[in-house]
$ cat model25.cif   # mmCIF, C-alpha atoms and all ligand atoms
data_coords
#
loop_
_atom_site.group_PDB
_atom_site.id
_atom_site.type_symbol
_atom_site.label_atom_id
_atom_site.label_comp_id
_atom_site.auth_asym_id
_atom_site.auth_seq_id
_atom_site.Cartn_x
_atom_site.Cartn_y
_atom_site.Cartn_z
ATOM 1 C CA MET A 152 0.000 0.000 0.000
ATOM 2 C CA ARG A 153 1.225 3.455 -0.912
ATOM 3 C CA LEU A 154 -1.072 5.941 0.743
ATOM 4 C CA LEU A 155 -1.206 9.664 1.362
ATOM 5 C CA ILE A 156 -3.167 11.331 4.123
ATOM 6 C CA MET A 157 -4.249 14.921 3.584
ATOM 7 C CA GLY A 158 -6.273 17.498 5.458
ATOM 8 C CA PRO A 159 -5.808 20.902 7.065
ATOM 9 C CA PRO A 160 -3.557 21.363 10.103
ATOM 10 C CA GLY A 161 -5.460 20.034 13.112
ATOM 11 C CA ALA A 162 -7.524 17.514 11.141
ATOM 12 C CA GLY A 163 -5.974 14.665 13.133
ATOM 13 C CA LYS A 164 -3.746 13.356 10.337
ATOM 14 C CA GLY A 165 -0.891 12.289 12.577
ATOM 15 C CA THR A 166 -3.031 10.236 14.958
ATOM 16 C CA GLN A 167 -4.924 8.501 12.176
ATOM 17 C CA ALA A 168 -1.831 8.015 10.031
ATOM 18 C CA LYS A 169 -0.185 5.869 12.685
ATOM 19 C CA ALA A 170 -3.241 3.623 13.084
ATOM 20 C CA VAL A 171 -3.702 3.178 9.343
ATOM 21 C CA ALA A 172 -0.013 2.509 8.769
ATOM 22 C CA ASP A 173 0.024 -0.127 11.549
ATOM 23 C CA HIS A 174 -3.021 -1.769 10.013
ATOM 24 C CA PHE A 175 -1.318 -2.108 6.635
ATOM 25 C CA GLY A 176 2.107 -2.896 8.080
ATOM 26 C CA VAL A 177 3.801 0.089 6.450
ATOM 27 C CA PRO A 178 5.680 3.000 8.037
ATOM 28 C CA ALA A 179 3.836 6.261 8.679
ATOM 29 C CA ILE A 180 6.202 8.918 7.375
ATOM 30 C CA SER A 181 5.441 12.387 8.686
ATOM 31 C CA THR A 182 7.526 15.181 7.188
ATOM 32 C CA GLY A 183 6.553 17.391 10.148
ATOM 33 C CA ASP A 184 7.883 14.749 12.582
ATOM 34 C CA ILE A 185 11.135 14.394 10.634
ATOM 35 C CA PHE A 186 11.600 18.157 10.626
ATOM 36 C CA ARG A 187 10.835 18.346 14.358
ATOM 37 C CA ALA A 188 13.332 15.552 15.093
ATOM 38 C CA ASN A 189 15.982 17.462 13.155
ATOM 39 C CA VAL A 190 15.134 20.686 14.964
ATOM 40 C CA GLY A 191 15.467 18.821 18.273
ATOM 41 C CA GLU A 192 18.874 17.445 17.286
ATOM 42 C CA GLY A 193 20.059 20.792 15.943
ATOM 43 C CA THR A 194 21.066 19.346 12.550
ATOM 44 C CA PRO A 195 21.668 21.748 9.612
ATOM 45 C CA LEU A 196 18.347 20.575 8.135
ATOM 46 C CA GLY A 197 16.632 21.312 11.453
ATOM 47 C CA ILE A 198 18.179 24.755 11.714
ATOM 48 C CA GLU A 199 16.993 25.632 8.211
ATOM 49 C CA ALA A 200 13.506 24.125 8.667
ATOM 50 C CA LYS A 201 12.873 25.831 12.009
ATOM 51 C CA ARG A 202 12.833 29.312 10.480
ATOM 52 C CA TYR A 203 9.914 28.353 8.268
ATOM 53 C CA MET A 204 8.086 26.160 10.767
ATOM 54 C CA ASP A 205 8.071 28.810 13.487
ATOM 55 C CA ALA A 206 6.439 31.243 11.056
ATOM 56 C CA GLY A 207 3.822 28.740 9.840
ATOM 57 C CA GLU A 208 5.374 28.711 6.335
ATOM 58 C CA TYR A 209 6.388 25.722 4.263
ATOM 59 C CA VAL A 210 9.964 24.533 4.176
ATOM 60 C CA PRO A 211 11.271 24.978 0.582
ATOM 61 C CA ASP A 212 10.310 22.205 -1.821
ATOM 62 C CA GLU A 213 13.846 21.194 -2.658
ATOM 63 C CA VAL A 214 14.760 20.602 0.976
ATOM 64 C CA THR A 215 11.540 18.704 1.652
ATOM 65 C CA ASN A 216 11.697 16.634 -1.536
ATOM 66 C CA ASN A 217 15.257 15.486 -0.880
ATOM 67 C CA MET A 218 14.333 14.488 2.642
ATOM 68 C CA VAL A 219 11.349 12.409 1.487
ATOM 69 C CA ARG A 220 13.331 10.844 -1.350
ATOM 70 C CA ASP A 221 15.916 9.603 1.161
ATOM 71 C CA ARG A 222 13.304 8.426 3.632
ATOM 72 C CA ILE A 223 11.241 6.356 1.217
ATOM 73 C CA ALA A 224 14.390 4.730 -0.130
ATOM 74 C CA GLU A 225 14.947 3.132 3.293
ATOM 75 C CA PRO A 226 14.301 -0.617 3.572
ATOM 76 C CA ASP A 227 11.149 -0.378 5.709
ATOM 77 C CA ALA A 228 9.410 1.656 2.989
ATOM 78 C CA LYS A 229 10.180 -0.744 0.146
ATOM 79 C CA THR A 230 6.806 -2.488 0.316
ATOM 80 C CA GLY A 231 4.780 0.624 0.981
ATOM 81 C CA PHE A 232 4.301 3.702 3.103
ATOM 82 C CA LEU A 233 1.800 6.201 4.329
ATOM 83 C CA LEU A 234 2.888 9.787 3.803
ATOM 84 C CA ASP A 235 1.519 12.253 6.347
ATOM 85 C CA GLY A 236 2.002 15.911 5.441
ATOM 86 C CA TYR A 237 3.556 15.339 2.022
ATOM 87 C CA PRO A 238 3.011 16.394 -0.706
ATOM 88 C CA ARG A 239 1.848 19.884 0.210
ATOM 89 C CA THR A 240 2.617 21.770 -3.013
ATOM 90 C CA LEU A 241 2.148 21.041 -6.709
ATOM 91 C CA ALA A 242 5.916 20.800 -7.128
ATOM 92 C CA GLN A 243 5.964 18.112 -4.435
ATOM 93 C CA VAL A 244 3.215 16.179 -6.244
ATOM 94 C CA THR A 245 5.334 16.049 -9.381
ATOM 95 C CA GLU A 246 8.393 15.037 -7.429
ATOM 96 C CA LEU A 247 6.525 12.286 -5.594
ATOM 97 C CA ASP A 248 5.176 10.987 -8.914
ATOM 98 C CA ASP A 249 8.764 10.658 -10.118
ATOM 99 C CA MET A 250 9.904 8.937 -6.925
ATOM 100 C CA VAL A 251 7.079 6.406 -6.990
ATOM 101 C CA GLU A 252 7.253 5.746 -10.722
ATOM 102 C CA ALA A 253 10.992 5.167 -10.478
ATOM 103 C CA THR A 254 10.258 2.160 -8.253
ATOM 104 C CA GLY A 255 7.628 0.835 -10.695
ATOM 105 C CA HIS A 256 4.751 1.497 -8.312
ATOM 106 C CA ARG A 257 1.943 4.009 -7.947
ATOM 107 C CA ILE A 258 -0.038 5.766 -5.234
ATOM 108 C CA ASP A 259 -3.006 3.575 -4.246
ATOM 109 C CA ALA A 260 -5.183 6.129 -2.479
ATOM 110 C CA VAL A 261 -5.236 9.629 -1.019
ATOM 111 C CA LEU A 262 -7.124 9.784 2.224
ATOM 112 C CA CYS A 263 -8.646 13.227 2.823
ATOM 113 C CA LEU A 264 -9.849 14.109 6.299
ATOM 114 C CA THR A 265 -12.557 16.769 6.303
ATOM 115 C CA VAL A 266 -13.227 18.944 9.372
ATOM 116 C CA ASP A 267 -14.888 22.291 10.045
ATOM 117 C CA SER A 268 -12.536 25.224 10.411
ATOM 118 C CA GLU A 269 -13.755 26.420 13.833
ATOM 119 C CA ALA A 270 -13.103 22.987 15.296
ATOM 120 C CA LEU A 271 -9.626 23.060 13.802
ATOM 121 C CA ILE A 272 -8.513 26.187 15.567
ATOM 122 C CA SER A 273 -9.725 24.953 18.958
ATOM 123 C CA ARG A 274 -8.099 21.544 18.421
ATOM 124 C CA LEU A 275 -4.814 23.215 17.589
ATOM 125 C CA LEU A 276 -4.943 25.546 20.576
ATOM 126 C CA LYS A 277 -5.587 22.526 22.812
ATOM 127 C CA ARG A 278 -2.676 20.647 21.244
ATOM 128 C CA ALA A 279 -0.476 23.705 21.786
ATOM 129 C CA GLU A 280 -1.160 23.448 25.525
ATOM 130 C CA ILE A 281 -0.461 19.715 25.640
ATOM 131 C CA GLU A 282 2.569 19.466 23.359
ATOM 132 C CA GLY A 283 3.983 22.953 23.655
ATOM 133 C CA ARG A 284 4.838 23.115 19.944
ATOM 134 C CA ALA A 285 6.554 26.358 18.939
ATOM 135 C CA ASP A 286 4.355 26.633 15.831
ATOM 136 C CA ASP A 287 1.075 26.322 17.750
ATOM 137 C CA ASN A 288 0.390 29.898 18.858
ATOM 138 C CA GLU A 289 -2.750 31.522 17.489
ATOM 139 C CA GLU A 290 -1.092 33.758 14.901
ATOM 140 C CA VAL A 291 0.972 30.902 13.482
ATOM 141 C CA ILE A 292 -2.033 28.569 13.583
ATOM 142 C CA ARG A 293 -3.992 31.019 11.420
ATOM 143 C CA ARG A 294 -1.088 31.433 9.023
ATOM 144 C CA ARG A 295 -0.760 27.647 8.689
ATOM 145 C CA GLN A 296 -4.453 27.409 7.767
ATOM 146 C CA GLU A 297 -4.020 30.126 5.121
ATOM 147 C CA VAL A 298 -0.983 28.442 3.633
ATOM 148 C CA TYR A 299 -2.888 25.150 3.571
ATOM 149 C CA VAL A 300 -5.815 26.713 1.683
ATOM 150 C CA GLU A 301 -3.522 28.474 -0.803
ATOM 151 C CA GLU A 302 -0.945 25.783 -1.441
ATOM 152 C CA THR A 303 -2.258 22.381 -0.418
ATOM 153 C CA GLU A 304 -6.032 22.288 -0.776
ATOM 154 C CA PRO A 305 -5.736 22.517 -4.597
ATOM 155 C CA LEU A 306 -3.857 19.196 -4.576
ATOM 156 C CA ILE A 307 -7.041 17.374 -3.619
ATOM 157 C CA ALA A 308 -8.512 18.235 -7.043
ATOM 158 C CA VAL A 309 -5.364 16.944 -8.726
ATOM 159 C CA TYR A 310 -5.664 13.572 -7.006
ATOM 160 C CA ALA A 311 -9.449 13.534 -7.435
ATOM 161 C CA GLU A 312 -8.929 13.770 -11.179
ATOM 162 C CA ARG A 313 -6.855 10.636 -10.919
ATOM 163 C CA GLY A 314 -9.682 8.931 -9.027
ATOM 164 C CA LEU A 315 -7.559 8.438 -5.923
ATOM 165 C CA VAL A 316 -9.342 10.527 -3.303
ATOM 166 C CA VAL A 317 -11.084 8.810 -0.412
ATOM 167 C CA SER A 318 -12.815 11.477 1.704
ATOM 168 C CA VAL A 319 -13.556 10.729 5.327
ATOM 169 C CA ASP A 320 -15.338 12.893 7.897
ATOM 170 C CA GLY A 321 -12.636 13.717 10.440
ATOM 171 C CA MET A 322 -14.982 15.114 13.092
ATOM 172 C CA GLY A 323 -15.794 13.281 16.299
ATOM 173 C CA GLU A 324 -14.027 10.699 18.417
ATOM 174 C CA ILE A 325 -10.667 9.364 17.270
ATOM 175 C CA ALA A 326 -11.929 5.765 17.293
ATOM 176 C CA ASP A 327 -14.987 6.661 15.200
ATOM 177 C CA VAL A 328 -12.888 8.481 12.619
ATOM 178 C CA GLN A 329 -10.544 5.502 12.527
ATOM 179 C CA GLN A 330 -13.435 3.146 11.860
ATOM 180 C CA ARG A 331 -14.678 5.357 9.021
ATOM 181 C CA ILE A 332 -11.219 5.350 7.507
ATOM 182 C CA PHE A 333 -10.943 1.556 7.609
ATOM 183 C CA ASP A 334 -14.432 1.135 6.152
ATOM 184 C CA ALA A 335 -13.577 3.543 3.323
ATOM 185 C CA LEU A 336 -10.244 1.883 2.580
ATOM 186 C CA ASP A 337 -11.712 -1.616 2.750
ATOM 187 C CA SER A 338 -14.256 -0.687 0.130
ATOM 188 C CA LEU A 339 -11.556 0.376 -2.332
ATOM 189 C CA PRO A 340 -11.332 -1.838 -5.400
ATOM 190 C CA GLU A 341 -8.415 -4.295 -5.228
ATOM 191 C CA SER A 342 -5.474 -3.094 -7.259
HETATM 192 P P1 LIG B 401 3.000 19.145 10.355
HETATM 193 O O1 LIG B 401 3.461 18.477 11.584
HETATM 194 O O2 LIG B 401 2.706 18.180 9.240
HETATM 195 O O3 LIG B 401 1.870 20.102 10.586
HETATM 196 O O4 LIG B 401 4.225 20.042 9.827
HETATM 197 C C1 LIG B 401 4.802 21.057 10.626
HETATM 198 C C2 LIG B 401 5.555 22.048 9.752
HETATM 199 O O5 LIG B 401 6.616 21.381 9.057
HETATM 200 C C3 LIG B 401 4.748 22.717 8.650
HETATM 201 O O6 LIG B 401 3.990 23.817 9.120
HETATM 202 C C4 LIG B 401 5.843 23.124 7.684
HETATM 203 O O7 LIG B 401 6.557 24.258 8.158
HETATM 204 C C5 LIG B 401 6.782 21.931 7.758
HETATM 205 N N1 LIG B 401 6.410 20.909 6.760
HETATM 206 C C6 LIG B 401 5.936 19.655 6.999
HETATM 207 N N2 LIG B 401 5.703 19.011 5.864
HETATM 208 C C7 LIG B 401 6.037 19.862 4.861
HETATM 209 C C8 LIG B 401 5.990 19.784 3.447
HETATM 210 N N3 LIG B 401 5.546 18.685 2.825
HETATM 211 N N4 LIG B 401 6.430 20.853 2.736
HETATM 212 C C9 LIG B 401 6.891 21.961 3.345
HETATM 213 N N5 LIG B 401 6.922 22.113 4.676
HETATM 214 C C10 LIG B 401 6.501 21.079 5.439
#
$ encode --input "model25.cif" --output "structure tokens"
Amino acid sequence: MRLLIMGPPGAGKGTQAKAVADHFGVPAISTGDIFRANVGEGTPLGIEAKRYMDAGEYVPDEVTNNMVRDRIAEPDAKTGFLLDGYPRTLAQVTELDDMVEATGHRIDAVLCLTVDSEALISRLLKRAEIEGRADDNEEVIRRRQEVYVEETEPLIAVYAERGLVVSVDGMGEIADVQQRIFDALDSLPES
């Protein structure tokens, strides 16, 4: 399985990505988590990424693409992966197409979590309290939503044209959302 999970910041992608990836026995690869790990370790990649992350902006495509290319070339991703938070720009879509085609495979499905925008902001503010993420203050949260709408939301139409989008209502309890996701994925035609 080669899956993508998409949705605005705060839609619960990370939580659901892990459950779905476990279910299919593939790694959940979160670009945000990889950036945060690098920030924590103070690597050159982390130092560069932090500037953008703290402002709610996207890390440049070239940096992000190279990081994903390396990550999906690792042995645990050979049989599949679930990408959480990538691609986020049209340039990243093209780059991912190249990466996947080069291995003779294709993306199987793009899971889109839908949520209402008021709920998003309050979820993110709550997460900010719990996790203390530097990019979770209100101003940055709003900027991240704007960037999502401008840069990432249009990608859903691109994947919809390819017939890959599986939309799932992301509102409600985590377990309920998870069940909806599994039901939707189970009803996909076998490839
Ligand atoms: P996330 O945890 O997925 O919300 O990502 C946190 C931050 O990491 C984002 O706000 C961006 O600054 C950066 N980031 C994560 N994924 C990408 C990506 N695919 N392209 C550019 N920046 C990204």
$ atom_distance --input "model25.cif" --atom1 "CA of Leu155 (chain A)" --atom2 "CA of Ile180 (chain A)"
9.6 Å
$ atom_distance --input "model25.cif" --atom1 "atom O6 of ligand LIG 401 (chain B)" --atom2 "CA of Glu282 (chain A)"
15.0 Å
$ closest_atom_pairs --input "model25.cif" --of "chain A" --to "ligand LIG 401 (chain B)" --cutoff "7 Å" --atoms "only C-alpha atoms and all ligand atoms" --output "Markdown table"
| residue | atom | partner | partner_atom | distance |
| --- | --- | --- | --- | --- |
| A:Pro160 | CA | B:LIG401 | O3 | 5.6 |
| A:Ser181 | CA | B:LIG401 | O2 | 6.4 |
| A:Thr182 | CA | B:LIG401 | N2 | 4.4 |
| A:Gly183 | CA | B:LIG401 | O4 | 3.5 |
| A:Asp184 | CA | B:LIG401 | O1 | 5.9 |
| A:Phe186 | CA | B:LIG401 | O5 | 6.1 |
| A:Ala200 | CA | B:LIG401 | O7 | 7.0 |
| A:Tyr203 | CA | B:LIG401 | O7 | 5.3 |
| A:Met204 | CA | B:LIG401 | O7 | 3.6 |
| A:Gly207 | CA | B:LIG401 | O6 | 5.0 |
| A:Glu208 | CA | B:LIG401 | O7 | 5.0 |
| A:Tyr209 | CA | B:LIG401 | N5 | 3.7 |
| A:Val210 | CA | B:LIG401 | N5 | 3.9 |
| A:Pro211 | CA | B:LIG401 | C9 | 6.0 |
| A:Asp212 | CA | B:LIG401 | N4 | 6.1 |
| A:Thr215 | CA | B:LIG401 | N4 | 5.6 |
| A:Asp235 | CA | B:LIG401 | O2 | 6.7 |
| A:Gly236 | CA | B:LIG401 | O2 | 4.5 |
| A:Tyr237 | CA | B:LIG401 | N3 | 4.0 |
| A:Pro238 | CA | B:LIG401 | N3 | 4.9 |
| A:Arg239 | CA | B:LIG401 | N3 | 4.7 |
| A:Thr240 | CA | B:LIG401 | N4 | 7.0 |
| A:Arg295 | CA | B:LIG401 | O6 | 6.1 |
$ closest_residue --input "model25.cif" --among "A:Val291, A:Glu269, A:Gln243, A:Gly191" --to "Leu306 (chain A)" --atoms "only C-alpha atoms"
A:Gln243
$ resolve_selection --input "model25.cif" --expression "the PyMOL selection byres (((chain A and resi 275) around 8) and not hetatm)" --output "number ranges by chain"
A: 160-161, 271-274, 276-279, 287, 292
$ atom_distance --input "model25.cif" --atom1 "CA of Ser338 (chain A)" --atom2 "CA of Gly314 (chain A)"
14.0 Å
$ residues_around --input "model25.cif" --residues "Thr230 (chain A)" --least-positions-apart "5" --cutoff "9 Å" --atoms "all atoms listed in the file" --output "PyMOL selection string"
chain A and resi 152-153+177
$ residues_around --input "model25.cif" --residues "His174 (chain A)" --least-positions-apart "6" --cutoff "12 Å" --atoms "only C-alpha atoms" --output "PDB file with C-alpha atoms, in the frame of the given file"
ATOM      1  CA  MET A 152       0.000   0.000   0.000  1.00  0.00           C
ATOM      2  CA  GLN A 167      -4.924   8.501  12.176  1.00  0.00           C
ATOM      3  CA  ALA A 168      -1.831   8.015  10.031  1.00  0.00           C
ATOM      4  CA  PHE A 232       4.301   3.702   3.103  1.00  0.00           C
ATOM      5  CA  LEU A 233       1.800   6.201   4.329  1.00  0.00           C
ATOM      6  CA  GLN A 329     -10.544   5.502  12.527  1.00  0.00           C
ATOM      7  CA  GLN A 330     -13.435   3.146  11.860  1.00  0.00           C
ATOM      8  CA  ILE A 332     -11.219   5.350   7.507  1.00  0.00           C
ATOM      9  CA  PHE A 333     -10.943   1.556   7.609  1.00  0.00           C
ATOM     10  CA  LEU A 336     -10.244   1.883   2.580  1.00  0.00           C
ATOM     11  CA  ASP A 337     -11.712  -1.616   2.750  1.00  0.00           C
TER      12      ASP A 337
END
$ residues_near_point --input "model25.cif" --point "(11.6, 9.5, -3.0)" --cutoff "10 Å" --atoms "only C-alpha atoms" --output "MDAnalysis selection string"
chainID A and resid 216:225 246:254
$ closest_residue --input "model25.cif" --among "A:Val309, A:Leu154, A:Ile281, A:Pro226" --to "Asp259 (chain A)" --atoms "only C-alpha atoms"
A:Leu154
$ decode --input "model25.cif" --residues "region 193-220 of chain A" --atoms "N, CA and C atoms" --output "short mmCIF file (atom, residue, chain, number, x, y, z; two decimals), in the first residue's frame"
data_model
loop_
_atom_site.label_atom_id
_atom_site.label_comp_id
_atom_site.auth_asym_id
_atom_site.auth_seq_id
_atom_site.Cartn_x
_atom_site.Cartn_y
_atom_site.Cartn_z
N GLY A 193 19.23 19.66 16.38
CA GLY A 193 20.06 20.79 15.94
C GLY A 193 20.87 20.51 14.69
N THR A 194 20.35 19.63 13.80
CA THR A 194 21.07 19.35 12.55
C THR A 194 20.95 20.56 11.61
N PRO A 195 21.81 20.64 10.57
CA PRO A 195 21.67 21.75 9.61
C PRO A 195 20.28 21.79 8.99
N LEU A 196 19.71 20.62 8.69
CA LEU A 196 18.35 20.58 8.14
C LEU A 196 17.36 21.18 9.14
N GLY A 197 17.52 20.81 10.40
CA GLY A 197 16.63 21.31 11.45
C GLY A 197 16.75 22.82 11.61
N ILE A 198 17.97 23.31 11.54
CA ILE A 198 18.18 24.76 11.71
C ILE A 198 17.50 25.51 10.57
N GLU A 199 17.63 24.97 9.35
CA GLU A 199 16.99 25.63 8.21
C GLU A 199 15.46 25.55 8.32
N ALA A 200 14.96 24.34 8.64
CA ALA A 200 13.51 24.12 8.67
C ALA A 200 12.83 24.98 9.73
N LYS A 201 13.48 25.15 10.86
CA LYS A 201 12.87 25.83 12.01
C LYS A 201 12.39 27.24 11.66
N ARG A 202 13.19 27.94 10.86
CA ARG A 202 12.83 29.31 10.48
C ARG A 202 11.44 29.36 9.85
N TYR A 203 11.19 28.38 8.98
CA TYR A 203 9.91 28.35 8.27
C TYR A 203 8.80 27.85 9.18
N MET A 204 9.11 26.78 9.92
CA MET A 204 8.09 26.16 10.77
C MET A 204 7.56 27.15 11.81
N ASP A 205 8.48 27.88 12.42
CA ASP A 205 8.07 28.81 13.49
C ASP A 205 7.17 29.91 12.95
N ALA A 206 7.26 30.19 11.65
CA ALA A 206 6.44 31.24 11.06
C ALA A 206 5.16 30.68 10.43
N GLY A 207 5.00 29.36 10.45
CA GLY A 207 3.82 28.74 9.84
C GLY A 207 3.94 28.62 8.33
N GLU A 208 5.16 28.80 7.79
CA GLU A 208 5.37 28.71 6.34
C GLU A 208 5.90 27.32 5.98
N TYR A 209 5.85 27.00 4.69
CA TYR A 209 6.39 25.72 4.26
C TYR A 209 7.91 25.78 4.09
N VAL A 210 8.53 24.69 4.43
CA VAL A 210 9.96 24.53 4.18
C VAL A 210 10.11 24.43 2.65
N PRO A 211 11.16 25.00 2.05
CA PRO A 211 11.27 24.98 0.58
C PRO A 211 11.17 23.56 0.00
N ASP A 212 10.56 23.49 -1.18
CA ASP A 212 10.31 22.20 -1.82
C ASP A 212 11.57 21.35 -1.96
N GLU A 213 12.65 21.99 -2.38
CA GLU A 213 13.85 21.19 -2.66
C GLU A 213 14.34 20.46 -1.41
N VAL A 214 14.32 21.18 -0.30
CA VAL A 214 14.76 20.60 0.98
C VAL A 214 13.84 19.44 1.36
N THR A 215 12.54 19.70 1.25
CA THR A 215 11.54 18.70 1.65
C THR A 215 11.59 17.49 0.72
N ASN A 216 11.67 17.74 -0.57
CA ASN A 216 11.70 16.63 -1.54
C ASN A 216 12.90 15.72 -1.31
N ASN A 217 14.05 16.31 -1.09
CA ASN A 217 15.26 15.49 -0.88
C ASN A 217 15.11 14.63 0.37
N MET A 218 14.51 15.22 1.39
CA MET A 218 14.33 14.49 2.64
C MET A 218 13.40 13.29 2.44
N VAL A 219 12.31 13.50 1.71
CA VAL A 219 11.35 12.41 1.49
C VAL A 219 11.97 11.34 0.57
N ARG A 220 12.69 11.80 -0.42
CA ARG A 220 13.33 10.84 -1.35
C ARG A 220 14.23 9.87 -0.56
#
